[in-house]
Each structure stands twice: as C-alpha cells, then as structure tokens.
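Note sheet for the following structure.
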Amino acid sequence: MACVSINGANRLGSNSLPELLVFGARAGKAAALTSLEQKPPSEHVIAQANDEKRRLEEQFLRKTGGRERIATIRSEMHQAVESGAGIYRTQDSLQQAADKLQELRERFRNLSLDDHSLTFNTELLGALELEFMLEVGSAIVASALHRTESRGAHQRTDFPARDDRNFLAHALIFRSPDGSARIETTPVVITRWPPGERVYGVKSEVKEVAAR
Amino acid sequence: MAETISVEVARYSPERDTEPSSQRYDVPLHKDWVVLDALNYIKDKMDGSLTFRWSCRMGICGSCGMMVNGEPKLTCATFLSDYAGDGSPVRVQPLRYFPVIRDLVVEITDFMNKLQSVKPWLIRGDEKAVSEGEYLQTPEQLDRYKQFSMCINCLLCYAACPVYGLDPVFIGPAAIALAQRYNMDSRDEGAGERMDVLAQHEGIWGCTFVGECTKVCPKHVDPAGAIQQYKLTATIERFKSFLMPWAAGNSEMESAK
Amino acid sequence: MSGVRQTVRYTEYHPRWYRTRVSTWWWLSRWPYLKFILREISSVFVAWFVVVLLLQIRALSRGPQAYAAFEHWLQIPVIVLLNLTAMFFVTFHAVTWFNLTPRAMVVRFGGKRVPDGLIVGTNYAAWAAVSVVLAWFLLRS
Ligand code: SF4
Ligand code: FES
C-alpha cells in the first residue's frame, strides 16, 4: 500500500494523497532520467515485451466464451476482503478471505470481455486492475495472518496486544514461483517517536497529562 | 423486479463507425441512483464495452461530465429519478464541442494546453527561501479568489459555451477563471505575465457573456463573472498604460487584491 | 498568443475522432441562447434610437417648421411600430445588462462582497432617478 514511511505504516485519510503526489512526481522524474541513461533494449527484452503483449491479447482481447464477468468477481472480492480483513480480523476470518481470494483467482482465468477494441478499452483496464487487486488482496490477507498481534489499523481480536518483540518490523511479501506469498520482515528504524499505545477518549487525556 | 428506466446512450467506435449511433438499455430505477450508476450497471451486467470516464462518484474528480438530455451534467450528481415519469428515455451523450474518442469519452488535450497557457500556479518575482517560512494570507485575501479555486476541470462550462463551439481557439471559461484565481491571490505576482494570453481575442474578448457557463458549473465557480471582471481589469490597465506608459505593469491587478 | 494557436493545431485533425458540427440554428435550441442572441440584436435598435435622436436635433436646429415635419414623420404608423419595437429591445437590453452587472463588478465594502441584489438595485434606482428628472423637465410646461 502507500507506505513510504513518512507517516508510518499508515494510509489513513488523506495522508496518502500528498504522499502520492510528492513521491509519484519524484518516482516519475527518476524513472524518466533513468530511462534516458539506458541503452536501447536488447532483443531479449523486446521479445519478452512481445510475449507479454501476446499473452494479454490471448487472455483478454481475443478470448471469447469465458464464463466470468469482471463485476461478479470484483464484488465477491470486495465482500470477502471487507468481511474477512476489515479493521477487526481473526485467524478464522482471514483464512476464509484467503480461501475465497484463491478461488476468485482461479475463476479469474475463466474471465471473458465484451470489449475487444483497441481504442480506450476500459474493460481491459478493469480486468488488469482486478487481477492486480486480487493479488494485492491476497498479499494483505497473508501478511495479516502472519502478524499475530494488533497494531494501528490492524486489530486482531484474537491477539489484542502489540508485540514489539516479534513484530516491530515491516512485512515484505514475495511471490513464490507457484503464485503463493512468502513473507520476510525487515526491522523498523525508530528515530523520534517510539510506538505508543493507541487510546481514545478519557484514556487519551490521562496519557497526555502523564506525558507532561 | 423494481421499476425500470430506459437509458439511451451514444455509441461510437472509431474502428467500426463513421458516426455515432445510440443504444437503448433498460436499467432498474432506484431512488438513490444517479446517471453514472446506470452506466456502471450497464457496463457491469449488460455490456462491458460501453466506454466512459469516471472516478470519484462524489463530484470531486471532474471526469464524469456528459450531456444528459442535452444539458452538460456531472453524471455522478444527476439523479435518474429526476428524468423518470414521462416514460421517455434518458439520453446520455458525450460532452458537446469536444472530439469524441469513443462512446462517451472525449478528447480534452485542447483544454489541458489552454490551461497550461494561462500559467495556473503561483508566480513570484523572487522566491523566498524555505527557511524564511510560508507566504501568509488573511481570510479576507483568501476570500477574494476562493470561489474560483473550486474548479474541478469538469469542462461542463465548455460544453455550455457556444463561443467555444463556434470558435475552438477561445481559451474558454474554466481556464480564464483559473487564471483569475491566481491573479486575485495575494501571494501571486504573475498577473502581468498572464495578461498576454488573457487580454487577446482568443482570451477574454472572445467572450460575449452568454452566461451559460456559470449556470451549468457544479461548483459555483462563476467563470462568466471571472471573465467580465477581468475585462474590466484589462480595460483599466490598457488605459493606464496608454495614459501613463511609465506606470504600466500590474498595478491595477495588484491593488485589486 | 502563438502558444494557444499552436496547441490548438494538435487537436485540429484526427481521422478517428468524431466531431459534431455546430448547427446554424444552435441559438434556437435553448431559451438562454435565444435571449443572448436577442440581446446582441438589440444593439441595432439602440443604434436606431441614436439616429432618431440625431434627426431630432437636426430638425430642431432648422427651425419650427422642420420640427413640425419631424413630428409628423414620427406619427407615420410604420415609424411608430419601429419605435415601439426599438423601445422593447432597448428595455430588454437595459434590463438584461443591469441584471448581469453584479457578475462583472465585484464591489467590496468593509472586506465583504456587496450582495448582487444591492448592485442591481442601485442600477435600477439610478435609472428611475434619471427618468424622473427627465420627466420633470419634459412635462413641466
Ligand atoms: S468552471 Fe465549473 S463547469 Fe467549468 S470546469 Fe470548472 S468546475 Fe467545471
Ligand atoms: S465521478 Fe468524479 S466528478 Fe463525477
């Protein structure tokens, strides 16, 4: 997600928007500069790009007769992630979401599009987005399953306490060759603000007074 | 099944068609559904090839502007139920006066270039160093331009403007309103630079004050007002530089802040 | 200037985009457009009033006989009809412009924008005042 770590592991509210604008612009510039310095792509890279193009055409643009529609899979995905991996999560709910996402990723292969046009094909865009969302969704669920503690917007009702000893760490997710997720962690560097307890209402006032 | 309503949508495929046709779909009529909901229903359930732009569904991104029964509207803020009742279908067409790329999607590079040409950003004579802090502004100073800053670039005002339709070189309502947004900003010093683009025939003098842009604007920006106000400013500037060539510059616009 | 021209050229021609032509009768499609065209046409009648005024002054300067002839001319039905039409258009012109003034003139007083109604109202008040003074002059005798 939009975690460039200036706001912590946080994409609440509108923090993510300025982050996107600032870091998007920087990333874009850097990418443009880098591409200027590159040698022209080798035959090998071009062949790879052509393969990918062919795959997209075969899987989406030229394919007919699939049984699934984008909208059905998308709304089932919404439903699964919302109920299984919302703010309050448990081992069970997450596992259900993981299974459902797995099922949806399989059904996705049976997708077919109505739109075979090469001009402004928003349905193709929708399909690619959906494929990515299914993958990102699975990654979110996998890391939530892995993180058996509660922290910030990640509330495991079966593990209500924060566990700095094991989980004061960024989770990095890698795709294994079989498509499943492999999780590694990298430690968090604490600079000025050590993690504190998140409390609301009267408790937060007490905390403030104590801090003074 | 609930009540239904017919939606008649313009279709145009550059690969197949020489001119647009229209296609009719019957969609459920829910009390809280907007025209965009109907389009998405069609795309999701009936015909995935229907092509249109949208994003926020809340009148903020400005991408869902289309002609609904001949009027420029944000389709995410236009209720289907307002068109129900007389049994005739709701007509949805691409924004008027813009070239159509496909179905309901129009080509807006023209506007993007015009917007750039009026330099819609803060221009300073000399920038101060970051360490010197922010450029401050009072609530009254903010109030001068706030209305013009609400623009979401939805281009409904262009689709309402016959001048733009007849003469596409006209810079047009939103771009001028946005130029004025910066001209009126107490932190800006670029009014003189913008004048070259604004005070010409393609700029404010192309406007004949039809006033429809202001009426269709979903954000109450009042582009027509911005243009007329700028006409006044430009005229005064013109006379000033004629009478007192030594004092030419953006004195009038600066004092208006 | 050239900036705008150049950028427009970019979208000038593209074989695959569909462009609609603006119909010659576009101004009949909506009442506000028609109103706008009528307001533009009204300038012809404003000019006509100026001509009548000039003719009147010329007649005046040529003595009572010429003025009587001028008055006689004013009573020809066609001219009466023309003047009535002109009267209608000039009023239309004045009213529509008065109603538009607050858009063009932002008056601020004590940091607040003066409400539109007040600006329009002041216009009408000034119009009424001038008319009263003129009427007093003309009807005095
Ligand atoms: S001025 Fe209003 S109608 Fe025009 S682009 Fe901006 S928000 Fe849309
Ligand atoms: S969808 Fe964003 S303004 Fe309508």
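Each chain of the structure tokens is named A, B, ... in the order shown, its residues numbered from 1; ligands are numbered from 1 in display order.
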Counting only C-alpha atoms and all ligand atoms, what are the residues of chain B within 8 Å of ligand 2, and for each of them which pair of atoms is the nearest and at what distance in Å, to one decimal? Sort the table by chain and rising number, as a tab-separated table.
```
residue	atom	partner	partner_atom_place_in_ligand_line	distance
B:Leu36	CA	ligand 2	1 (S)	7.7
B:Arg53	CA	ligand 2	1 (S)	7.7
B:Trp54	CA	ligand 2	1 (S)	4.3
B:Ser55	CA	ligand 2	1 (S)	4.5
B:Cys56	CA	ligand 2	2 (Fe)	3.9
B:Arg57	CA	ligand 2	1 (S)	3.8
B:Met58	CA	ligand 2	2 (Fe)	5.4
B:Gly59	CA	ligand 2	3 (S)	3.5
B:Ile60	CA	ligand 2	3 (S)	4.6
B:Cys61	CA	ligand 2	2 (Fe)	3.9
B:Gly62	CA	ligand 2	3 (S)	3.9
B:Ser63	CA	ligand 2	2 (Fe)	5.3
B:Cys64	CA	ligand 2	4 (Fe)	4.4
B:Gly65	CA	ligand 2	4 (Fe)	6.8
B:Leu74	CA	ligand 2	4 (Fe)	5.3
B:Thr75	CA	ligand 2	4 (Fe)	5.9
B:Cys76	CA	ligand 2	4 (Fe)	4.3
B:Ala77	CA	ligand 2	4 (Fe)	6.6
B:Ile152	CA	ligand 2	3 (S)	7.8
B:Cys154	CA	ligand 2	3 (S)	7.2
```
From a DSSP pass on the backbone, collect the residues of region 21-185 of chain A flagged as alpha helix (DSSP H) and hand them back as a ChimeraX atom specification.
/A:21-37,43-56,70-84,91-108,122-146,164-167
Could you list, as an MDAnalysis selection string, all the residues within 10 Å of ligand 1, counting only C-alpha atoms and all ligand atoms?
chainID B and resid 59:63 65 72:74 111 147:160 172:178 212:224 226
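In this structure, CA of Gln155 (chain A) sits 5.8 Å away from CA of Ile87 (chain A).
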Which residues of chain B have any atom within 12 Å of an atom in chain A when counting only C-alpha atoms, and what is the closest pair of atoms for each, with the distance in Å to one decimal? Order the rows by chain and rising number and write it as a tab-separated table.
```
residue	atom	partner	partner_atom	distance
B:Tyr12	CA	A:Thr119	CA	10.8
B:Ser13	CA	A:Thr119	CA	8.0
B:Pro14	CA	A:Thr119	CA	7.6
B:Glu15	CA	A:Ser117	CA	7.7
B:Arg16	CA	A:Ser117	CA	9.7
B:Asn40	CA	A:Ala71	CA	9.6
B:Tyr41	CA	A:Ala71	CA	9.4
B:Ile42	CA	A:Ala71	CA	10.7
B:Lys43	CA	A:Glu123	CA	8.5
B:Asp44	CA	A:Ala71	CA	5.2
B:Lys45	CA	A:Ala71	CA	7.4
B:Met46	CA	A:Asp114	CA	9.3
B:Asp47	CA	A:Asp114	CA	6.6
B:Gly48	CA	A:Asp114	CA	5.1
B:Ser49	CA	A:Asp115	CA	4.4
B:Leu50	CA	A:Asp115	CA	8.1
B:Thr51	CA	A:Thr122	CA	6.4
B:Phe52	CA	A:Thr122	CA	7.8
B:Arg53	CA	A:Thr122	CA	8.6
B:Trp54	CA	A:Thr122	CA	10.6
B:Val100	CA	A:Phe120	CA	11.2
B:Ile101	CA	A:Phe120	CA	7.7
B:Arg102	CA	A:Phe120	CA	7.1
B:Asp103	CA	A:Phe120	CA	9.6
B:Leu104	CA	A:Phe120	CA	10.6
B:Val105	CA	A:Phe120	CA	8.3
B:Val106	CA	A:Phe120	CA	10.5
B:Glu107	CA	A:Phe120	CA	11.0
```
Would you put the residues from that selection into a file with N, CA, C and O atoms, as an mmCIF file, in the first residue's frame?
```cif
data_model
loop_
_atom_site.group_PDB
_atom_site.id
_atom_site.type_symbol
_atom_site.label_atom_id
_atom_site.label_comp_id
_atom_site.auth_asym_id
_atom_site.auth_seq_id
_atom_site.Cartn_x
_atom_site.Cartn_y
_atom_site.Cartn_z
ATOM 1 N N TYR B 12 -20.006 5.167 -30.141
ATOM 2 C CA TYR B 12 -19.181 5.453 -31.307
ATOM 3 C C TYR B 12 -17.885 4.682 -31.185
ATOM 4 O O TYR B 12 -17.171 4.811 -30.193
ATOM 5 N N SER B 13 -17.626 3.839 -32.165
ATOM 6 C CA SER B 13 -16.369 3.122 -32.174
ATOM 7 C C SER B 13 -15.561 3.605 -33.372
ATOM 8 O O SER B 13 -15.988 3.444 -34.513
ATOM 9 N N PRO B 14 -14.407 4.204 -33.114
ATOM 10 C CA PRO B 14 -13.619 4.735 -34.231
ATOM 11 C C PRO B 14 -13.161 3.624 -35.162
ATOM 12 O O PRO B 14 -12.827 3.876 -36.317
ATOM 13 N N GLU B 15 -13.159 2.388 -34.671
ATOM 14 C CA GLU B 15 -12.679 1.301 -35.514
ATOM 15 C C GLU B 15 -13.763 0.826 -36.482
ATOM 16 O O GLU B 15 -13.462 0.273 -37.525
ATOM 17 N N ARG B 16 -15.022 1.037 -36.098
ATOM 18 C CA ARG B 16 -16.119 0.496 -36.905
ATOM 19 C C ARG B 16 -16.991 1.557 -37.559
ATOM 20 O O ARG B 16 -17.462 1.392 -38.668
ATOM 21 N N ASN B 40 -22.772 2.369 -14.991
ATOM 22 C CA ASN B 40 -21.977 1.287 -14.414
ATOM 23 C C ASN B 40 -22.756 -0.019 -14.358
ATOM 24 O O ASN B 40 -22.180 -1.097 -14.515
ATOM 25 N N TYR B 41 -24.060 0.091 -14.146
ATOM 26 C CA TYR B 41 -24.892 -1.102 -14.173
ATOM 27 C C TYR B 41 -24.831 -1.749 -15.560
ATOM 28 O O TYR B 41 -24.648 -2.962 -15.691
ATOM 29 N N ILE B 42 -24.949 -0.894 -16.572
ATOM 30 C CA ILE B 42 -24.881 -1.408 -17.943
ATOM 31 C C ILE B 42 -23.533 -2.072 -18.191
ATOM 32 O O ILE B 42 -23.439 -3.198 -18.687
ATOM 33 N N LYS B 43 -22.461 -1.379 -17.791
ATOM 34 C CA LYS B 43 -21.119 -1.915 -18.045
ATOM 35 C C LYS B 43 -20.901 -3.222 -17.289
ATOM 36 O O LYS B 43 -20.331 -4.167 -17.825
ATOM 37 N N ASP B 44 -21.368 -3.287 -16.041
ATOM 38 C CA ASP B 44 -21.135 -4.478 -15.230
ATOM 39 C C ASP B 44 -21.986 -5.663 -15.666
ATOM 40 O O ASP B 44 -21.515 -6.788 -15.711
ATOM 41 N N LYS B 45 -23.257 -5.380 -15.972
ATOM 42 C CA LYS B 45 -24.168 -6.512 -16.158
ATOM 43 C C LYS B 45 -24.570 -6.765 -17.598
ATOM 44 O O LYS B 45 -24.994 -7.861 -17.934
ATOM 45 N N MET B 46 -24.585 -5.715 -18.421
ATOM 46 C CA MET B 46 -25.194 -5.899 -19.727
ATOM 47 C C MET B 46 -24.192 -5.828 -20.880
ATOM 48 O O MET B 46 -24.238 -6.642 -21.794
ATOM 49 N N ASP B 47 -23.332 -4.819 -20.843
ATOM 50 C CA ASP B 47 -22.470 -4.591 -21.991
ATOM 51 C C ASP B 47 -21.156 -3.963 -21.543
ATOM 52 O O ASP B 47 -21.068 -2.763 -21.352
ATOM 53 N N GLY B 48 -20.161 -4.830 -21.379
ATOM 54 C CA GLY B 48 -18.873 -4.359 -20.868
ATOM 55 C C GLY B 48 -18.123 -3.449 -21.825
ATOM 56 O O GLY B 48 -17.114 -2.873 -21.458
ATOM 57 N N SER B 49 -18.637 -3.309 -23.038
ATOM 58 C CA SER B 49 -17.895 -2.488 -23.989
ATOM 59 C C SER B 49 -18.307 -1.020 -23.932
ATOM 60 O O SER B 49 -17.704 -0.182 -24.594
ATOM 61 N N LEU B 50 -19.324 -0.694 -23.158
ATOM 62 C CA LEU B 50 -19.718 0.710 -23.038
ATOM 63 C C LEU B 50 -18.580 1.473 -22.356
ATOM 64 O O LEU B 50 -18.084 1.067 -21.310
ATOM 65 N N THR B 51 -18.179 2.588 -22.989
ATOM 66 C CA THR B 51 -16.954 3.258 -22.542
ATOM 67 C C THR B 51 -17.230 4.668 -22.065
ATOM 68 O O THR B 51 -17.838 5.467 -22.774
ATOM 69 N N PHE B 52 -16.813 4.956 -20.842
ATOM 70 C CA PHE B 52 -16.994 6.294 -20.267
ATOM 71 C C PHE B 52 -15.966 6.503 -19.176
ATOM 72 O O PHE B 52 -15.374 5.550 -18.678
ATOM 73 N N ARG B 53 -15.755 7.786 -18.810
ATOM 74 C CA ARG B 53 -14.799 8.098 -17.747
ATOM 75 C C ARG B 53 -15.526 8.378 -16.453
ATOM 76 O O ARG B 53 -16.570 9.019 -16.452
ATOM 77 N N TRP B 54 -14.968 7.961 -15.355
ATOM 78 C CA TRP B 54 -15.462 8.332 -14.048
ATOM 79 C C TRP B 54 -14.402 7.951 -13.049
ATOM 80 O O TRP B 54 -13.493 7.186 -13.345
ATOM 81 N N VAL B 100 -14.951 13.250 -30.110
ATOM 82 C CA VAL B 100 -15.264 12.018 -29.391
ATOM 83 C C VAL B 100 -14.228 10.960 -29.723
ATOM 84 O O VAL B 100 -13.982 10.662 -30.896
ATOM 85 N N ILE B 101 -13.621 10.388 -28.693
ATOM 86 C CA ILE B 101 -12.655 9.316 -28.905
ATOM 87 C C ILE B 101 -13.402 7.999 -29.064
ATOM 88 O O ILE B 101 -13.151 7.218 -29.972
ATOM 89 N N ARG B 102 -14.329 7.803 -28.159
ATOM 90 C CA ARG B 102 -15.132 6.588 -28.219
ATOM 91 C C ARG B 102 -16.345 6.763 -27.313
ATOM 92 O O ARG B 102 -16.212 7.373 -26.239
ATOM 93 N N ASP B 103 -17.481 6.202 -27.681
ATOM 94 C CA ASP B 103 -18.721 6.286 -26.904
ATOM 95 C C ASP B 103 -18.892 7.641 -26.192
ATOM 96 O O ASP B 103 -19.250 8.623 -26.810
ATOM 97 N N LEU B 104 -18.614 7.659 -24.866
ATOM 98 C CA LEU B 104 -18.854 8.875 -24.093
ATOM 99 C C LEU B 104 -17.553 9.569 -23.696
ATOM 100 O O LEU B 104 -17.554 10.482 -22.878
ATOM 101 N N VAL B 105 -16.462 9.100 -24.274
ATOM 102 C CA VAL B 105 -15.161 9.656 -23.899
ATOM 103 C C VAL B 105 -14.730 10.718 -24.903
ATOM 104 O O VAL B 105 -14.707 10.458 -26.103
ATOM 105 N N VAL B 106 -14.412 11.910 -24.388
ATOM 106 C CA VAL B 106 -13.987 12.975 -25.297
ATOM 107 C C VAL B 106 -12.510 13.285 -25.128
ATOM 108 O O VAL B 106 -11.897 12.959 -24.115
ATOM 109 N N GLU B 107 -11.972 13.952 -26.142
ATOM 110 C CA GLU B 107 -10.555 14.292 -26.181
ATOM 111 C C GLU B 107 -10.394 15.702 -25.600
ATOM 112 O O GLU B 107 -10.989 16.660 -26.077
#
```
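Secondary structure by DSSP on the backbone puts the following residues of region 88-133 of chain C in strand (DSSP E): Arg108, Phe109, Lys112 and Arg113 of chain C.
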Let me see the file: selected residues, all heavy atoms, as a PDB file, in the first residue's frame.
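Writing the result to selection08.pdb gives the following:
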```
ATOM      1  N   ARG C 108     -16.540  45.584  -3.032  1.00  0.00           N
ATOM      2  CA  ARG C 108     -16.315  45.126  -1.670  1.00  0.00           C
ATOM      3  C   ARG C 108     -16.448  46.280  -0.720  1.00  0.00           C
ATOM      4  O   ARG C 108     -16.029  47.387  -1.009  1.00  0.00           O
ATOM      5  CB  ARG C 108     -14.927  44.510  -1.542  1.00  0.00           C
ATOM      6  CG  ARG C 108     -14.897  43.122  -2.051  1.00  0.00           C
ATOM      7  CD  ARG C 108     -13.498  42.584  -2.140  1.00  0.00           C
ATOM      8  NE  ARG C 108     -13.537  41.373  -2.929  1.00  0.00           N
ATOM      9  CZ  ARG C 108     -13.876  40.195  -2.417  1.00  0.00           C
ATOM     10  NH1 ARG C 108     -14.145  40.061  -1.145  1.00  0.00           N
ATOM     11  NH2 ARG C 108     -13.916  39.131  -3.196  1.00  0.00           N
ATOM     12  N   PHE C 109     -17.060  46.003   0.397  1.00  0.00           N
ATOM     13  CA  PHE C 109     -17.248  47.046   1.380  1.00  0.00           C
ATOM     14  C   PHE C 109     -16.942  46.457   2.747  1.00  0.00           C
ATOM     15  O   PHE C 109     -17.555  45.475   3.147  1.00  0.00           O
ATOM     16  CB  PHE C 109     -18.694  47.574   1.323  1.00  0.00           C
ATOM     17  CG  PHE C 109     -18.861  48.876   2.037  1.00  0.00           C
ATOM     18  CD1 PHE C 109     -18.386  50.059   1.470  1.00  0.00           C
ATOM     19  CD2 PHE C 109     -19.468  48.917   3.292  1.00  0.00           C
ATOM     20  CE1 PHE C 109     -18.531  51.253   2.141  1.00  0.00           C
ATOM     21  CE2 PHE C 109     -19.602  50.117   3.963  1.00  0.00           C
ATOM     22  CZ  PHE C 109     -19.135  51.295   3.381  1.00  0.00           C
ATOM     23  N   LYS C 112     -16.262  42.729   2.828  1.00  0.00           N
ATOM     24  CA  LYS C 112     -17.305  41.791   2.389  1.00  0.00           C
ATOM     25  C   LYS C 112     -17.772  42.155   0.993  1.00  0.00           C
ATOM     26  O   LYS C 112     -17.801  43.328   0.625  1.00  0.00           O
ATOM     27  CB  LYS C 112     -18.499  41.877   3.348  1.00  0.00           C
ATOM     28  CG  LYS C 112     -18.228  41.238   4.685  1.00  0.00           C
ATOM     29  CD  LYS C 112     -19.313  40.208   4.991  1.00  0.00           C
ATOM     30  CE  LYS C 112     -18.882  39.228   6.054  1.00  0.00           C
ATOM     31  NZ  LYS C 112     -18.372  39.876   7.263  1.00  0.00           N
ATOM     32  N   ARG C 113     -18.174  41.143   0.258  1.00  0.00           N
ATOM     33  CA  ARG C 113     -18.685  41.393  -1.084  1.00  0.00           C
ATOM     34  C   ARG C 113     -20.102  41.944  -0.970  1.00  0.00           C
ATOM     35  O   ARG C 113     -20.934  41.377  -0.260  1.00  0.00           O
ATOM     36  CB  ARG C 113     -18.677  40.089  -1.862  1.00  0.00           C
ATOM     37  CG  ARG C 113     -19.040  40.288  -3.303  1.00  0.00           C
ATOM     38  CD  ARG C 113     -18.716  39.045  -4.115  1.00  0.00           C
ATOM     39  NE  ARG C 113     -19.351  39.193  -5.434  1.00  0.00           N
ATOM     40  CZ  ARG C 113     -19.108  38.396  -6.442  1.00  0.00           C
ATOM     41  NH1 ARG C 113     -18.276  37.411  -6.310  1.00  0.00           N
ATOM     42  NH2 ARG C 113     -19.713  38.587  -7.592  1.00  0.00           N
TER      43      ARG C 113
END
```
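Reported to one decimal place, the separation of CA of Pro18 (chain A) from CA of Trp193 (chain A) is 21.4 Å.
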When you look at region 93-97 of chain C with a cut-off of 10 Å (counting only C-alpha atoms), what residues show up, excluding the ones that are within fewer than 4 positions of it in the same chain? I need them as a ChimeraX atom specification.
/C:35-36,38-43,45-46,87-89,101-102,120,123-124,127
What gap, in Å, lies between CA of Ala199 (chain B) and CA of Gln180 (chain B)?
12.0 Å
Each residue of chain B with at least one atom at most 9 Å from chain C should appear once, together with its nearest atom pair and the corresponding distance in Å (one decimal); atoms considered: only C-alpha atoms; ordering: chain, then increasing residue number; output as a tab-separated table.
```
residue	atom	partner	partner_atom	distance
B:Tyr12	CA	C:Tyr18	CA	8.1
B:Ser13	CA	C:Arg16	CA	8.9
B:Pro14	CA	C:Arg16	CA	5.3
B:Glu15	CA	C:Arg16	CA	7.7
B:Thr18	CA	C:Tyr18	CA	7.8
B:Glu19	CA	C:Tyr18	CA	6.7
B:Pro20	CA	C:Tyr18	CA	7.8
B:Arg96	CA	C:Thr20	CA	7.9
B:Tyr97	CA	C:Thr20	CA	6.9
B:Phe98	CA	C:Arg19	CA	7.0
B:Pro99	CA	C:Arg19	CA	4.8
B:Val100	CA	C:Tyr18	CA	4.9
B:Ile101	CA	C:Trp17	CA	5.1
B:Arg102	CA	C:Trp17	CA	7.7
B:Val106	CA	C:Trp17	CA	8.7
B:Glu107	CA	C:Trp17	CA	8.2
B:Ile108	CA	C:Thr11	CA	8.8
B:Thr109	CA	C:Thr11	CA	7.3
B:Asp110	CA	C:Val8	CA	5.9
B:Phe111	CA	C:Val8	CA	9.0
B:Asn113	CA	C:Thr7	CA	6.1
B:Lys114	CA	C:Val4	CA	6.3
B:Ser117	CA	C:Val4	CA	6.8
B:Glu140	CA	C:Gly111	CA	6.4
B:Gln141	CA	C:Gly111	CA	9.0
B:Asp143	CA	C:Lys112	CA	8.8
B:Arg144	CA	C:Arg113	CA	8.9
B:Pro162	CA	C:Trp26	CA	8.1
B:Gly165	CA	C:Val22	CA	6.6
B:Leu166	CA	C:Val22	CA	6.7
B:Pro168	CA	C:Val8	CA	7.8
B:Val169	CA	C:Val8	CA	6.5
B:Phe170	CA	C:Val4	CA	8.8
B:Ile171	CA	C:Val4	CA	7.8
B:Asp196	CA	C:Met1	CA	7.1
B:Val197	CA	C:Met1	CA	5.7
B:Leu198	CA	C:Met1	CA	8.9
B:Gln200	CA	C:Met1	CA	7.8
B:Glu202	CA	C:Met1	CA	8.2
B:Thr208	CA	C:Phe36	CA	8.8
B:Phe209	CA	C:Phe36	CA	8.1
B:Val210	CA	C:Phe36	CA	5.8
B:Gly211	CA	C:Pro32	CA	8.5
B:Glu212	CA	C:Pro32	CA	7.5
B:Asp222	CA	C:Arg103	CA	8.1
B:Ala224	CA	C:Arg103	CA	7.2
B:Gly225	CA	C:Arg103	CA	4.4
B:Ala226	CA	C:Ala104	CA	7.4
B:Ile227	CA	C:Ala104	CA	7.7
B:Gln228	CA	C:Ala104	CA	4.5
B:Gln229	CA	C:Ala104	CA	4.6
B:Tyr230	CA	C:Ala104	CA	8.1
B:Lys231	CA	C:Ala104	CA	8.2
B:Leu232	CA	C:Ala104	CA	7.5
```
